[in-house]
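Containing PDB, C-alpha atoms: entry_27.pdb.
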```pdb
ATOM      1  CA  MET A 567      23.311 -12.495  17.068
ATOM      2  CA  SER A 568      21.911 -15.716  15.698
ATOM      3  CA  GLN A 569      19.015 -15.855  13.275
ATOM      4  CA  TYR A 570      15.751 -15.088  15.085
ATOM      5  CA  SER A 571      12.338 -15.482  13.522
ATOM      6  CA  GLY A 572      10.321 -13.132  15.737
ATOM      7  CA  LYS A 573       6.581 -12.595  16.008
ATOM      8  CA  ILE A 574       4.124 -10.570  13.924
ATOM      9  CA  THR A 575       0.351 -10.091  14.288
ATOM     10  CA  PHE A 576      -1.970  -9.148  11.416
ATOM     11  CA  TYR A 577      -5.397  -7.546  11.990
ATOM     12  CA  GLU A 578      -8.317  -7.272   9.566
ATOM     13  CA  GLY A 579      -9.352  -3.861  10.913
ATOM     14  CA  LYS A 580      -7.491  -0.591  11.251
ATOM     15  CA  CYS A 581      -5.904   0.266  14.611
ATOM     16  CA  PHE A 582      -5.504  -3.390  15.632
ATOM     17  CA  THR A 583      -9.176  -4.365  15.541
ATOM     18  CA  GLY A 584     -11.072  -7.322  14.141
ATOM     19  CA  ARG A 585      -9.880 -10.845  13.555
ATOM     20  CA  LYS A 586      -6.168 -11.423  13.972
ATOM     21  CA  LEU A 587      -3.478 -13.837  12.814
ATOM     22  CA  GLU A 588      -0.313 -14.338  14.875
ATOM     23  CA  VAL A 589       2.722 -15.659  13.010
ATOM     24  CA  CYS A 590       6.078 -16.800  14.433
ATOM     25  CA  GLY A 591       7.713 -18.155  11.255
ATOM     26  CA  SER A 592       7.170 -18.364   7.529
ATOM     27  CA  CYS A 593       3.532 -18.361   6.413
ATOM     28  CA  GLY A 594       3.056 -19.154   2.731
ATOM     29  CA  SER A 595      -0.675 -18.490   2.711
ATOM     30  CA  PHE A 596      -2.798 -16.511   5.147
ATOM     31  CA  GLN A 597      -5.909 -18.195   3.714
ATOM     32  CA  ASP A 598      -4.526 -21.630   4.630
ATOM     33  CA  GLN A 599      -4.439 -20.350   8.225
ATOM     34  CA  GLY A 600      -8.151 -19.421   8.038
ATOM     35  CA  PHE A 601      -7.398 -15.717   7.652
ATOM     36  CA  LEU A 602      -8.588 -13.700   4.682
ATOM     37  CA  ASN A 603      -5.990 -11.711   2.781
ATOM     38  CA  ARG A 604      -7.430  -8.435   4.065
ATOM     39  CA  VAL A 605      -4.937  -6.769   6.438
ATOM     40  CA  ASN A 606      -5.438  -3.230   7.717
ATOM     41  CA  SER A 607      -3.033  -3.109  10.666
ATOM     42  CA  ILE A 608       0.050  -4.964  11.864
ATOM     43  CA  CYS A 609       2.019  -5.209  15.091
ATOM     44  CA  VAL A 610       5.587  -6.492  14.868
ATOM     45  CA  GLN A 611       6.474  -7.689  18.351
ATOM     46  CA  SER A 612       9.948  -8.884  17.351
ATOM     47  CA  GLY A 613      11.990  -9.684  14.295
ATOM     48  CA  ALA A 614      12.073  -8.116  10.866
ATOM     49  CA  TRP A 615       9.587  -9.379   8.290
ATOM     50  CA  VAL A 616       8.990  -9.284   4.580
ATOM     51  CA  CYS A 617       5.308  -9.447   3.646
ATOM     52  CA  PHE A 618       3.952 -10.128   0.172
ATOM     53  CA  ASP A 619       0.648  -9.124  -1.375
ATOM     54  CA  HIS A 620       0.159 -12.675  -2.764
ATOM     55  CA  PRO A 621       0.476 -16.183  -1.311
ATOM     56  CA  ASN A 622       3.653 -18.215  -1.744
ATOM     57  CA  PHE A 623       5.944 -15.221  -1.165
ATOM     58  CA  ARG A 624       5.092 -13.586  -4.491
ATOM     59  CA  GLY A 625       4.155 -10.089  -5.567
ATOM     60  CA  GLN A 626       4.858  -6.710  -4.028
ATOM     61  CA  GLN A 627       7.183  -6.868  -1.028
ATOM     62  CA  TYR A 628       6.897  -4.833   2.177
ATOM     63  CA  ILE A 629       9.541  -4.755   4.889
ATOM     64  CA  LEU A 630       8.211  -4.434   8.419
ATOM     65  CA  GLU A 631      10.463  -3.969  11.415
ATOM     66  CA  HIS A 632       9.703  -3.814  15.135
ATOM     67  CA  GLY A 633       6.773  -1.473  15.823
ATOM     68  CA  GLU A 634       3.115  -0.787  15.144
ATOM     69  CA  TYR A 635       1.441  -0.101  11.803
ATOM     70  CA  PRO A 636      -2.167   1.058  12.503
ATOM     71  CA  ASP A 637      -3.104   1.201   8.792
ATOM     72  CA  PHE A 638      -1.651  -0.033   5.504
ATOM     73  CA  TYR A 639      -0.323   3.410   4.558
ATOM     74  CA  ARG A 640       2.208   3.069   7.413
ATOM     75  CA  TRP A 641       3.980   0.197   5.646
ATOM     76  CA  ASN A 642       3.695   1.966   2.264
ATOM     77  CA  GLY A 643       0.877  -0.357   1.212
ATOM     78  CA  ARG A 644      -1.309   0.559  -1.730
ATOM     79  CA  SER A 645      -4.183  -1.612  -0.509
ATOM     80  CA  ASP A 646      -5.218  -3.812   2.408
ATOM     81  CA  HIS A 647      -4.232  -7.028   0.614
ATOM     82  CA  LEU A 648      -1.466  -9.307   1.950
ATOM     83  CA  GLY A 649      -1.145 -13.019   1.324
ATOM     84  CA  SER A 650       2.090 -14.335   2.886
ATOM     85  CA  CYS A 651       5.067 -13.389   5.047
ATOM     86  CA  ARG A 652       8.406 -14.664   6.270
ATOM     87  CA  PRO A 653      11.008 -13.497   8.760
ATOM     88  CA  VAL A 654      14.054 -11.773   7.327
ATOM     89  CA  GLY A 655      17.187 -13.843   7.847
ATOM     90  CA  MET A 656      19.387 -11.945  10.259
ATOM     91  CA  HIS A 657      22.708 -13.534  11.136
ATOM     92  CA  GLY A 658      24.654 -10.731  12.816
ATOM     93  CA  GLU A 659      25.612  -7.108  12.558
ATOM     94  CA  HIS A 660      28.166  -7.037   9.733
ATOM     95  CA  TYR A 661      26.648  -5.466   6.633
ATOM     96  CA  ARG A 662      28.305  -5.536   3.232
ATOM     97  CA  ILE A 663      26.715  -5.387  -0.219
ATOM     98  CA  GLN A 664      28.258  -5.017  -3.669
ATOM     99  CA  ILE A 665      26.117  -3.696  -6.526
ATOM    100  CA  PHE A 666      26.873  -4.143 -10.231
ATOM    101  CA  GLU A 667      25.860  -2.185 -13.312
ATOM    102  CA  GLY A 668      25.650  -5.268 -15.525
ATOM    103  CA  SER A 669      23.902  -8.577 -15.043
ATOM    104  CA  HIS A 670      25.959 -11.605 -14.009
ATOM    105  CA  PHE A 671      28.244  -9.331 -11.930
ATOM    106  CA  SER A 672      29.679  -7.440 -14.886
ATOM    107  CA  GLY A 673      30.607  -3.807 -15.375
ATOM    108  CA  PRO A 674      31.344  -1.179 -12.748
ATOM    109  CA  SER A 675      30.537  -2.028  -9.137
ATOM    110  CA  LEU A 676      30.167  -0.250  -5.800
ATOM    111  CA  GLU A 677      30.484  -1.691  -2.296
ATOM    112  CA  LEU A 678      28.414  -0.369   0.609
ATOM    113  CA  THR A 679      28.467  -1.034   4.350
ATOM    114  CA  GLU A 680      26.055   1.752   5.387
ATOM    115  CA  ASP A 681      22.636   3.016   4.293
ATOM    116  CA  CYS A 682      22.558   5.144   1.145
ATOM    117  CA  SER A 683      19.556   7.418   0.566
ATOM    118  CA  PHE A 684      20.658   8.389  -2.961
ATOM    119  CA  LEU A 685      23.047   6.150  -4.886
ATOM    120  CA  GLN A 686      23.825   8.830  -7.458
ATOM    121  CA  GLY A 687      25.152  10.958  -4.586
ATOM    122  CA  GLN A 688      27.675   8.211  -3.834
ATOM    123  CA  GLY A 689      29.102   8.290  -7.348
ATOM    124  CA  TRP A 690      26.813   5.643  -8.847
ATOM    125  CA  ASP A 691      25.897   7.338 -12.132
ATOM    126  CA  LYS A 692      23.071   4.951 -13.069
ATOM    127  CA  THR A 693      19.508   4.623 -11.783
ATOM    128  CA  CYS A 694      19.639   0.853 -12.009
ATOM    129  CA  ILE A 695      21.389  -2.167 -10.545
ATOM    130  CA  ASN A 696      21.487  -5.354 -12.572
ATOM    131  CA  ALA A 697      23.230  -7.693 -10.099
ATOM    132  CA  LEU A 698      24.400  -7.721  -6.501
ATOM    133  CA  LYS A 699      26.149  -9.765  -3.849
ATOM    134  CA  VAL A 700      25.275  -9.640  -0.153
ATOM    135  CA  TYR A 701      28.401 -10.715   1.728
ATOM    136  CA  GLY A 702      27.632  -9.709   5.274
ATOM    137  CA  ASP A 703      25.420 -11.030   8.008
ATOM    138  CA  GLY A 704      22.499  -8.659   7.630
ATOM    139  CA  ALA A 705      19.736  -8.070   5.115
ATOM    140  CA  TRP A 706      19.228  -5.012   2.888
ATOM    141  CA  VAL A 707      16.203  -3.274   1.375
ATOM    142  CA  LEU A 708      16.463  -1.924  -2.183
ATOM    143  CA  TYR A 709      14.151   0.970  -3.134
ATOM    144  CA  GLU A 710      13.206   2.080  -6.640
ATOM    145  CA  GLU A 711      13.299   5.764  -5.661
ATOM    146  CA  PRO A 712      15.670   7.979  -3.654
ATOM    147  CA  ASN A 713      15.154   8.494   0.093
ATOM    148  CA  TYR A 714      13.816   4.967   0.674
ATOM    149  CA  ARG A 715      10.608   5.432  -1.313
ATOM    150  CA  GLY A 716       8.769   3.418  -3.935
ATOM    151  CA  ARG A 717       8.718  -0.330  -4.440
ATOM    152  CA  MET A 718      11.005  -2.217  -2.110
ATOM    153  CA  TYR A 719      12.862  -5.514  -2.347
ATOM    154  CA  VAL A 720      14.558  -7.423   0.452
ATOM    155  CA  VAL A 721      17.864  -9.172  -0.234
ATOM    156  CA  GLU A 722      19.669 -11.433   2.185
ATOM    157  CA  ARG A 723      23.071 -13.123   2.120
ATOM    158  CA  GLY A 724      23.771 -14.528  -1.339
ATOM    159  CA  GLU A 725      24.330 -13.674  -4.993
ATOM    160  CA  PHE A 726      21.705 -12.209  -7.316
ATOM    161  CA  SER A 727      22.859 -12.313 -10.947
ATOM    162  CA  ASN A 728      19.992 -10.162 -12.275
ATOM    163  CA  PHE A 729      17.039  -8.149 -10.966
ATOM    164  CA  ASN A 730      14.628 -11.057 -11.523
ATOM    165  CA  ALA A 731      16.526 -12.958  -8.808
ATOM    166  CA  TRP A 732      15.227 -10.509  -6.177
ATOM    167  CA  GLN A 733      11.729 -10.509  -7.769
ATOM    168  CA  ALA A 734      11.982  -6.951  -9.112
ATOM    169  CA  ARG A 735       9.963  -5.695 -12.051
ATOM    170  CA  SER A 736      12.951  -3.727 -13.338
ATOM    171  CA  ALA A 737      16.557  -2.926 -12.450
ATOM    172  CA  SER A 738      15.616   0.506 -11.110
ATOM    173  CA  VAL A 739      17.200   1.017  -7.656
ATOM    174  CA  GLN A 740      18.082   4.449  -6.287
ATOM    175  CA  SER A 741      18.439   3.926  -2.524
ATOM    176  CA  ILE A 742      19.501   1.094  -0.220
ATOM    177  CA  ARG A 743      19.258   0.597   3.533
ATOM    178  CA  ARG A 744      20.164  -2.055   6.070
ATOM    179  CA  VAL A 745      17.532  -3.958   8.043
ATOM    180  CA  ILE A 746      18.634  -3.195  11.585
ATOM    181  CA  ASN A 747      15.504  -2.920  13.736
ATOM    182  CA  TYR A 748      14.725  -6.582  14.351
ATOM    183  CA  PHE A 749      14.521  -6.885  18.158
TER     184      PHE A 749
END
```
This structure in structure tokens:
Amino acid sequence: MSQYSGKITFYEGKCFTGRKLEVCGSCGSFQDQGFLNRVNSICVQSGAWVCFDHPNFRGQQYILEHGEYPDFYRWNGRSDHLGSCRPVGMHGEHYRIQIFEGSHFSGPSLELTEDCSFLQGQGWDKTCINALKVYGDGAWVLYEEPNYRGRMYVVERGEFSNFNAWQARSASVQSIRRVINYF
């Protein structure tokens, strides 16, 4: 599959009510589109998206895949504040990620091609990842807690020499999953 941007609609009110903003590509600032940063529900018609609680693709990240989110709790939001979004780059269906204990790709490493709800259960004896390489076509979501919970960070094809490169607050990562629901 080639990269596909998709379509996402943001609503000010819960359950898809109030003013709305439809987006079909990257949007660096909802306010620049005449839409306040208050978002209480979202409908993802197609594509996979990463939304940020601040403009210019900064701050807390939220991954949203095809489906409906009638309130901000459904996308693990802590408030109704979002400021920007972009489609997740999807290039195909071949997933491969390599995680490293040390920054700059040093120390022990582990390669994954499937979701992992608890890295320590796969033999990774640390609760942190300090670098990673995404080799495959698809994107991945890193979670600070086991079972795909806590803060999340989206990584796409490329090399990330330290946790700052994927905009994380710390190197804490305990579960990883593929972004697969993008139609």
> Expanded to explicit residues, what is the PyMOL selection byres ((chain A and resi 593-595) around 12) for this file, as a ChimeraX atom specification?
Replying inline: /A:571,573-576,587-592,596-603,615-624,648-653
>> As an exercise, work out the distance from atom CA of A:Gly572 to atom CA of A:Arg735 in Å and give it to one decimal place.
In response: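 One can read the atom CA of A:Gly572 to atom CA of A:Arg735 distance as 28.8 Å.
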> Just how far from atom CA of A:Met718 is atom CA of A:Ile629, in Å to one decimal?
Replying inline: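 Going from atom CA of A:Ile629 over to atom CA of A:Met718 covers 7.6 Å.
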> Of the candidates A:Cys682, A:Cys694, A:Ile742, A:Ile608, which one gets nearest to A:Asp646 if we count only C-alpha atoms?
Replying inline: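 With only C-alpha atoms as the atom set, the closest residue is A:Ile608.
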Listed atoms of stretch 609-620 of chain A boxed axis-aligned with 5 Å per side, centre + edges as AutoDock Vina command-line options:
```
--center_x 6.1 --center_y -8.9 --center_z 7.8 --size_x 21.9 --size_y 17.5 --size_z 31.1
```
>> Could you list, as a PyMOL selection string, every residue matched by the PyMOL selection byres ((chain A and resi 677) around 9) in this structure?
In response: chain A and resi 662-665+675-676+678-679
>> Please determine, counting all atoms listed in the file, which residue among A:Ser738, A:Ser607, A:Gln627, A:Lys699 has the shortest atom-to-atom distance to A:Arg640.
In response: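 Checking each of A:Ser738, A:Ser607, A:Gln627, A:Lys699 against A:Arg640, counting all atoms listed in the file, the winner is A:Ser607.
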> Which one of A:Asn728, A:Ser736, A:Thr693, A:Ser683 sits closest to A:His670 if you count all atoms listed in the file?
Replying inline: A:Asn728
>> Please report the interatomic distance between atom CA of A:Ser727 and atom CA of A:Gly673 in Å with one decimal.
In response: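 So the answer is 12.3 Å.
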>> Selection in question (the file shown): the PyMOL selection byres ((chain A and resi 745) around 10). Which residues does it include, as a PyMOL selection string?
In response: chain A and resi 614-615+629-631+654-656+659+661+681+704-707+720-722+742-744+746-748
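In this comparison, which uses all atoms listed in the file, the residue of A:Gly584, A:Gly579, A:Gly643, A:Pro636 approaching A:Arg715 most closely is A:Gly643.
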> From the set A:Tyr628, A:Tyr639, A:Gly633, A:Gly689, which residue has the shortest atom-to-atom contact distance to A:Leu708, counting all atoms listed in the file?
Replying inline: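 For A:Leu708, the nearest of the candidates is A:Tyr628.
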> Of the candidates A:Gln740, A:Gln626, A:Gln611, A:Asn606, which one gets nearest to A:Lys692 if we count all atoms listed in the file?
Replying inline: A:Gln740
> Which residues come within 7 Å of A:Ala737, counting all atoms listed in the file, excluding same-chain residues fewer than 6 positions away, as a list in words?
Replying inline: Cys694, Ile695, Asn696 and Phe729 of chain A
